[in-house]
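*Asks:* This structure is in structure tokens; I'll ask about it shortly.
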Protein chains: 2
Amino acid sequence: MARPTPLSGFPEWLPDGRVVEQHVLDTLRRTFELHGFAGIETRAVEPLDQLLRKGETSKEVYVLRRLQEEQAGDVAPPRGDTGAADKQLGLHFDLTVPFARYVLENAGRLAFPFKRYQIQKVWRGERPQDGRFREFVQADIDVVGAGELPYHYEVELPLVMAEALGALRDVGVPEVRILVNNRKVAEGFYRGLGLDDVEGVLRQVDKLDKIGPDAVAELLQAEQGATPEQAKACLELAAISGTDTAVVDRVRALAASYDAVTELLETGLGELSALVEAAARRAPGVVVADLKIARGLDYYTGSVYETVLVGHEQLGSICSGGRYDTLASDGKNTYPGVGLSIGVSRLVSRLLSAGLVAATRGVPTAVLVAVTDEAHRDRSDAVAAALRARGIPADVAPTAAKFGKQIKVADRRGIPFVWFPAQPGEDGATPEALAGEVKDIRSGEQAEADAATWEPPAADLFPRVVPAAAE
Amino acid sequence: MARPTPLSGFPEWLPDGRVVEQHVLDTLRRTFELHGFAGIETRAVEPLDQLLRKGETSKEVYVLRRLQEEQAGDVAPPRGDTGAADKQLGLHFDLTVPFARYVLENAGRLAFPFKRYQIQKVWRGERPQDGRFREFVQADIDVVGAGELPYHYEVELPLVMAEALGALRDVGVPEVRILVNNRKVAEGFYRGLGLDDVEGVLRQVDKLDKIGPDAVAELLQAEQGATPEQAKACLELAAISGTDTAVVDRVRALAASYDAVTELLETGLGELSALVEAAARRAPGVVVADLKIARGLDYYTGSVYETVLVGHEQLGSICSGGRYDTLASDGKNTYPGVGLSIGVSRLVSRLLSAGLVAATRGVPTAVLVAVTDEAHRDRSDAVAAALRARGIPADVAPTAAKFGKQIKVADRRGIPFVWFPAQPGEDGATPEALAGEVKDIRSGEQAEADAATWEPPAADLFPRVVPAAAE
């Protein structure tokens, strides 16, 4: 087999990169759990008809076939073992569709409002030349209610994400800004202006960052039939942003100047105001009301969120979501929800490629126990076992090479300590099994130690993730 | 959308089942890391030609297609954006094939011997009616060397698995027996008997548990051309098992009685003896030499392992593996390895369905903070934040319902404590923000508390996994 090359769009990390990713995942999980979110996983596949309910994403789905089935030929009649139970499956492209299905499937066994986090890979059949990920990890939190879901969750969820991402600041992850808007504000404003194709207008406004205000104004006129004045009003709304409730007053004043104040707008402004006000108190500076945030997807009905890494805005949003009045419905019951999703692979990929963070080592091992000779390997094994029993990751040298070579084994892996088991004394007396000397190979310091009691400094116990410059 | 039904072969757990699975995964990870294994993940897909290198598994592969491509028709010429970079992909069916590819791809950036663990889902396109999992989690450890790999790793790896599975004993996971054999013993013995189709003989012996010794004897004669005496010898070898090195003497005596002692047999017996002897010392009673263990796959060249849950032998092996002299090769370099793989889903599924273990609750939350009225929700938020800041998972009641109803919210989720923020006194004085009373809803005991200092008992801090009977 020739040396394989990476598959475009399917990122993988070397062990030290994985230490960074694992730290990110562990930090997110801990924050989510502290906030009472239950962890679940769903299967990677869903029936294709479920995945295609939203027409827009259909091109991105990976469809699965059993090879055997495929070899039998696509035109052959279904085999006896196929049928309903074997209907066409695709890999999920997000964690929202599977979660909605999970909620419906298990509604009778879940307690609502149900708060869950879910950290899994998703797949999108993007064209390879787009340079996008085709497999990546998402970390989602959602709260879903049965029939109803109080507004305060729309305030709570972005603050949980602010806390989760903020907990990564000390390892070198840049600050984030969570940009929030409210669909009711946009819809109320557009309708007040007399623009009733709300989705169409949102779709054009969503292009602002890519094509600029002039092009958006043209599109609004050409495709949504807006007058120049209506288009101007939409752009003026989109230009409003800020971190305090003055934003709300500016929107209200703008709407009044166009005689576009509606009840829906007022409801939306009330909600946006509550969110901005709570965020200013609980996470000062993190949440920014930004009236141009539209989110392409049509199922949001209240708050919408996007998140940028400060200094890396070109990366796009690393954490997005919103409120949807109908996450799922089985005809009888409707389940409204609100959720956000972190693009973990996108974030970690940037952290690594931009050299923002680094792992202190790529192996868990804190201590490499040297082997004097193969006949006494069991002595080294006993030392390692004693260290592990006290929670210290330890490995034993692969061979009884010269000690200099064994130290190199540790050095190549970034293992900070090498342990030398005690040798029989000149009098021939057998030393205590757990006695020895331990060397800090960074400083060269070496001291007598007992594997039953010795401890490395806490900072050396496990690999740490640190700002890259600090390493 | 009608209420969806589960997909056969794609297991999912409710939140409390996921607590059990997560505990298993965390325990395995911790043990692997204490032993110095670096965690990696590989992408879920591999080029189809790589997956099909072992002919036997070809029927089980799920092939991926981009929906767009598929809709263009199978007979259409390749699109401009396809080609080498977009060659046919399949989902991996184990973690060994991807690991071998990862080692080759990154050989220049890894330190050998390279110890890695890998915990991921794998997929097999089994026929749905077989009742087998089509998506499941595996937890693998492997050590791979560049050019060579010392035998002692064949002793070490099953002992790591024994420790990892043993660490689950206290939550109710039954004892395990790791059954070990050595390919060199089997091959040396068969060749000594004059049976040169070693793989064929192994394949028949592998059927012992399913069809019994008489049928195997017949097959050995009918298909491998064995004489009745040769078949008898193979069955006598397969009947030998034990936990100490006496096993080795019995094999040697058996071989001598058939005049079938070979150099290869002696090498294998030396290795098996070392493994049994070390295991008896380091994990008494766990490792059993069992000469009938064959492992279907043809790439094992030394030790082979299977693992049964005591009392659940019918479940089959939950942890298998072995030594392979050629995990990977790029023509210039060969990478020998030894590894084992735990079938996590198979294990967890049994733990849950047999009612062996249970989670004390399905949510992380230890404390539900009640809300007196919506106007004072921020007071409850502040209490929850103070608890979380000290590592106590806390949630705030969804609505300011009557306290009895809020207690029910906690009760339904198994949350042990409900916190009642202090009310303004009769004199109208504002209470300290973090003051309140906390109720253990199991005992009904209620006491004054301060959210800046109060702690739940350690046993209630996070959901625990316990033997089901103990719950």
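Letters for chains follow the order of the structure tokens (A, B, ...), residue numbers begin at 1 for each chain, and ligand numbers begin at 1 in the order shown.
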Counting only C-alpha atoms, what is within 8 Å of stretch 268-279 of chain A, bar same-chain residues fewer than 4 positions away, as a VMD selection string?
*Replies:* chain A and resid 151 154 to 155 159 181 to 185 188 243 to 245 248 264 283 to 284 286 to 289 302 to 303
*Asks:* With a distance cut-off of 7 Å and only C-alpha atoms, select the neighbouring residues of A:Val466, excluding the residue or stretch itself and same-chain residues fewer than 5 positions from it, and output the selection as a ChimeraX atom specification.
*Replies:* /A:171-172,357-359,471
*Asks:* Generate the output file for the selected residues, N, CA and C atoms, as a short mmCIF file (atom, residue, chain, number, x, y, z; two decimals), in the first residue's frame.
*Replies:*
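Final file, part_33.cif:
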data_model
loop_
_atom_site.label_atom_id
_atom_site.label_comp_id
_atom_site.auth_asym_id
_atom_site.auth_seq_id
_atom_site.Cartn_x
_atom_site.Cartn_y
_atom_site.Cartn_z
N VAL A 171 -6.99 29.09 27.60
CA VAL A 171 -6.07 28.28 26.80
C VAL A 171 -5.71 28.96 25.49
N GLY A 172 -6.22 30.17 25.29
CA GLY A 172 -5.80 30.92 24.11
C GLY A 172 -6.88 31.12 23.06
N VAL A 357 -3.35 27.99 19.99
CA VAL A 357 -3.25 27.14 21.18
C VAL A 357 -2.34 25.97 20.86
N ALA A 358 -1.85 25.35 21.90
CA ALA A 358 -1.00 24.17 21.71
C ALA A 358 -1.14 23.26 22.91
N ALA A 359 -0.86 21.98 22.71
CA ALA A 359 -0.84 21.03 23.82
C ALA A 359 0.58 20.92 24.34
N GLU A 471 3.81 28.40 25.30
CA GLU A 471 4.41 27.07 25.39
C GLU A 471 5.93 27.14 25.36
#
*Asks:* Distance cut-off 6 Å, counting only C-alpha atoms - which residues of chain B neighbour chain A? Return them as a PyMOL selection string.
*Replies:* chain B and resi 1-4+12+15+33-36+38+40+42+59+61-68+104-105+125+330+363-365+388+393-395
*Asks:* Would you export the selected residues with C-alpha atoms as a PDB file, in the first residue's frame, please?
*Replies:*
ATOM      1  CA  MET B   1     -44.809  13.894  10.835  1.00  0.00           C
ATOM      2  CA  ALA B   2     -46.106  10.676  12.361  1.00  0.00           C
ATOM      3  CA  ARG B   3     -44.368   9.339  15.422  1.00  0.00           C
ATOM      4  CA  PRO B   4     -41.145   7.777  14.159  1.00  0.00           C
ATOM      5  CA  GLU B  12     -30.000   4.777  20.816  1.00  0.00           C
ATOM      6  CA  PRO B  15     -30.759  10.051  28.733  1.00  0.00           C
ATOM      7  CA  GLU B  33      -4.676   7.342  29.413  1.00  0.00           C
ATOM      8  CA  LEU B  34      -3.178   6.168  32.710  1.00  0.00           C
ATOM      9  CA  HIS B  35      -1.363   3.567  30.609  1.00  0.00           C
ATOM     10  CA  GLY B  36      -0.008   6.183  28.227  1.00  0.00           C
ATOM     11  CA  ALA B  38      -2.783   8.744  23.162  1.00  0.00           C
ATOM     12  CA  ILE B  40      -6.947   9.850  18.312  1.00  0.00           C
ATOM     13  CA  THR B  42     -10.014   9.117  12.402  1.00  0.00           C
ATOM     14  CA  LYS B  59     -20.593  -7.410   2.086  1.00  0.00           C
ATOM     15  CA  VAL B  61     -19.601  -2.029   3.915  1.00  0.00           C
ATOM     16  CA  TYR B  62     -21.904   0.957   3.616  1.00  0.00           C
ATOM     17  CA  VAL B  63     -21.015   2.897   0.486  1.00  0.00           C
ATOM     18  CA  LEU B  64     -21.565   6.658   0.377  1.00  0.00           C
ATOM     19  CA  ARG B  65     -22.850   8.740  -2.484  1.00  0.00           C
ATOM     20  CA  ARG B  66     -23.555  12.400  -2.650  1.00  0.00           C
ATOM     21  CA  LEU B  67     -27.251  12.699  -3.327  1.00  0.00           C
ATOM     22  CA  GLN B  68     -26.634  15.185  -6.105  1.00  0.00           C
ATOM     23  CA  LEU B 104       1.069   5.125   7.178  1.00  0.00           C
ATOM     24  CA  GLU B 105      -0.172   8.610   6.403  1.00  0.00           C
ATOM     25  CA  GLY B 125     -24.293  -3.074   6.465  1.00  0.00           C
ATOM     26  CA  ASP B 330       4.090   0.991   2.600  1.00  0.00           C
ATOM     27  CA  VAL B 363     -29.899  14.680  34.075  1.00  0.00           C
ATOM     28  CA  PRO B 364     -26.657  16.167  35.417  1.00  0.00           C
ATOM     29  CA  THR B 365     -28.605  18.578  37.619  1.00  0.00           C
ATOM     30  CA  ARG B 388     -22.298  26.279  39.128  1.00  0.00           C
ATOM     31  CA  PRO B 393     -24.829  21.345  38.351  1.00  0.00           C
ATOM     32  CA  ALA B 394     -27.872  23.548  38.800  1.00  0.00           C
ATOM     33  CA  ASP B 395     -30.943  24.378  36.807  1.00  0.00           C
TER      34      ASP B 395
END
*Asks:* So that I can check the surroundings of B:Pro416, please list as a PyMOL selection string every protein, DNA and RNA residue that reaches within 10 Å of it, counting only C-alpha atoms and ignoring chain neighbours fewer than 5 positions away.
*Replies:* chain B and resi 360-361+365-368+407+410-411+439-443+456+460-461
*Asks:* Can you pull out every residue from stretch 108-217 of chain B that DSSP, working from the backbone, puts in helix (DSSP H, G or I), and format the result as a PDB file with C-alpha atoms, in the first residue's frame?
*Replies:*
ATOM      1  CA  GLY B 108       6.965  10.597   9.824  1.00  0.00           C
ATOM      2  CA  ARG B 109       5.197  12.546  12.555  1.00  0.00           C
ATOM      3  CA  PRO B 128     -31.573  -5.937   9.176  1.00  0.00           C
ATOM      4  CA  GLN B 129     -33.224  -9.220  10.099  1.00  0.00           C
ATOM      5  CA  ASP B 130     -30.021 -10.579  11.592  1.00  0.00           C
ATOM      6  CA  HIS B 152       5.930  -7.859  26.032  1.00  0.00           C
ATOM      7  CA  TYR B 153       3.177  -5.736  24.515  1.00  0.00           C
ATOM      8  CA  GLU B 154       1.233  -8.933  23.856  1.00  0.00           C
ATOM      9  CA  VAL B 155       1.254  -9.414  27.636  1.00  0.00           C
ATOM     10  CA  GLU B 156       0.563  -5.794  28.470  1.00  0.00           C
ATOM     11  CA  LEU B 157      -2.455  -5.079  26.261  1.00  0.00           C
ATOM     12  CA  PRO B 158      -4.905  -7.686  27.559  1.00  0.00           C
ATOM     13  CA  LEU B 159      -3.927  -6.622  31.084  1.00  0.00           C
ATOM     14  CA  VAL B 160      -4.831  -3.010  30.247  1.00  0.00           C
ATOM     15  CA  MET B 161      -8.228  -4.237  29.067  1.00  0.00           C
ATOM     16  CA  ALA B 162      -8.593  -6.365  32.202  1.00  0.00           C
ATOM     17  CA  GLU B 163      -7.952  -3.252  34.273  1.00  0.00           C
ATOM     18  CA  ALA B 164     -10.332  -1.114  32.195  1.00  0.00           C
ATOM     19  CA  LEU B 165     -13.172  -3.622  32.420  1.00  0.00           C
ATOM     20  CA  GLY B 166     -12.317  -4.355  36.056  1.00  0.00           C
ATOM     21  CA  ARG B 169     -17.009  -3.918  38.365  1.00  0.00           C
ATOM     22  CA  ASP B 170     -18.214  -1.572  41.108  1.00  0.00           C
ATOM     23  CA  VAL B 171     -21.054  -0.205  38.968  1.00  0.00           C
ATOM     24  CA  ARG B 183      -1.405 -18.582  16.628  1.00  0.00           C
ATOM     25  CA  LYS B 184       2.087 -20.034  16.703  1.00  0.00           C
ATOM     26  CA  VAL B 185       0.929 -22.799  19.048  1.00  0.00           C
ATOM     27  CA  ALA B 186      -1.983 -23.722  16.803  1.00  0.00           C
ATOM     28  CA  GLU B 187       0.021 -23.457  13.595  1.00  0.00           C
ATOM     29  CA  GLY B 188       3.025 -25.307  15.071  1.00  0.00           C
ATOM     30  CA  PHE B 189       0.783 -28.079  16.330  1.00  0.00           C
ATOM     31  CA  TYR B 190      -1.208 -28.463  13.105  1.00  0.00           C
ATOM     32  CA  ARG B 191       1.916 -28.487  10.985  1.00  0.00           C
ATOM     33  CA  GLY B 192       3.493 -30.989  13.383  1.00  0.00           C
ATOM     34  CA  LEU B 193       0.457 -33.198  12.770  1.00  0.00           C
ATOM     35  CA  VAL B 198      -3.612 -23.900   8.920  1.00  0.00           C
ATOM     36  CA  GLU B 199      -6.185 -21.229   8.093  1.00  0.00           C
ATOM     37  CA  GLY B 200      -8.672 -23.867   7.012  1.00  0.00           C
ATOM     38  CA  VAL B 201      -8.240 -25.819  10.234  1.00  0.00           C
ATOM     39  CA  LEU B 202      -8.577 -22.639  12.308  1.00  0.00           C
ATOM     40  CA  ARG B 203     -11.754 -21.765  10.463  1.00  0.00           C
ATOM     41  CA  GLN B 204     -13.302 -25.110  11.371  1.00  0.00           C
ATOM     42  CA  VAL B 205     -12.101 -25.017  14.994  1.00  0.00           C
ATOM     43  CA  LEU B 208     -16.701 -25.355  17.931  1.00  0.00           C
ATOM     44  CA  ASP B 209     -19.015 -23.293  20.126  1.00  0.00           C
ATOM     45  CA  LYS B 210     -21.653 -23.173  17.420  1.00  0.00           C
ATOM     46  CA  ILE B 211     -21.738 -26.719  16.039  1.00  0.00           C
ATOM     47  CA  GLY B 212     -19.909 -28.867  18.583  1.00  0.00           C
ATOM     48  CA  PRO B 213     -16.852 -31.154  18.379  1.00  0.00           C
ATOM     49  CA  ASP B 214     -18.393 -33.983  16.320  1.00  0.00           C
ATOM     50  CA  ALA B 215     -19.421 -31.677  13.496  1.00  0.00           C
ATOM     51  CA  VAL B 216     -16.036 -29.974  13.565  1.00  0.00           C
ATOM     52  CA  ALA B 217     -14.292 -33.348  13.354  1.00  0.00           C
TER      53      ALA B 217
END
*Asks:* Compare B:Ala280, B:Val97, B:Val176, B:Leu315 by their minimum atom-to-atom distance to B:Ala354, counting only C-alpha atoms, and give me the closest one.
*Replies:*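 Among the listed residues, B:Leu315 lies closest to B:Ala354.
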*Asks:* Would you mind listing what lies within 8 Å of A:Arg323 as a short mmCIF file (atom, residue, chain, number, x, y, z; two decimals) with C-alpha atoms, in the first residue's frame, with only C-alpha atoms counted and same-chain residues fewer than 6 positions away left out?
*Replies:*
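See part.cif below for the written result:
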data_model
loop_
_atom_site.label_atom_id
_atom_site.label_comp_id
_atom_site.auth_asym_id
_atom_site.auth_seq_id
_atom_site.Cartn_x
_atom_site.Cartn_y
_atom_site.Cartn_z
CA GLU A 154 -34.00 32.46 24.49
CA TYR A 300 -36.62 30.38 13.08
CA THR A 301 -39.44 32.36 14.62
CA GLY A 302 -37.89 34.41 17.42
CA SER A 303 -34.32 35.06 18.55
CA VAL A 304 -31.53 34.20 16.13
CA PRO A 336 -41.13 24.48 20.21
CA GLY A 337 -37.44 24.85 20.92
CA VAL A 338 -34.43 27.09 21.05
CA GLY A 339 -30.89 25.97 20.45
#
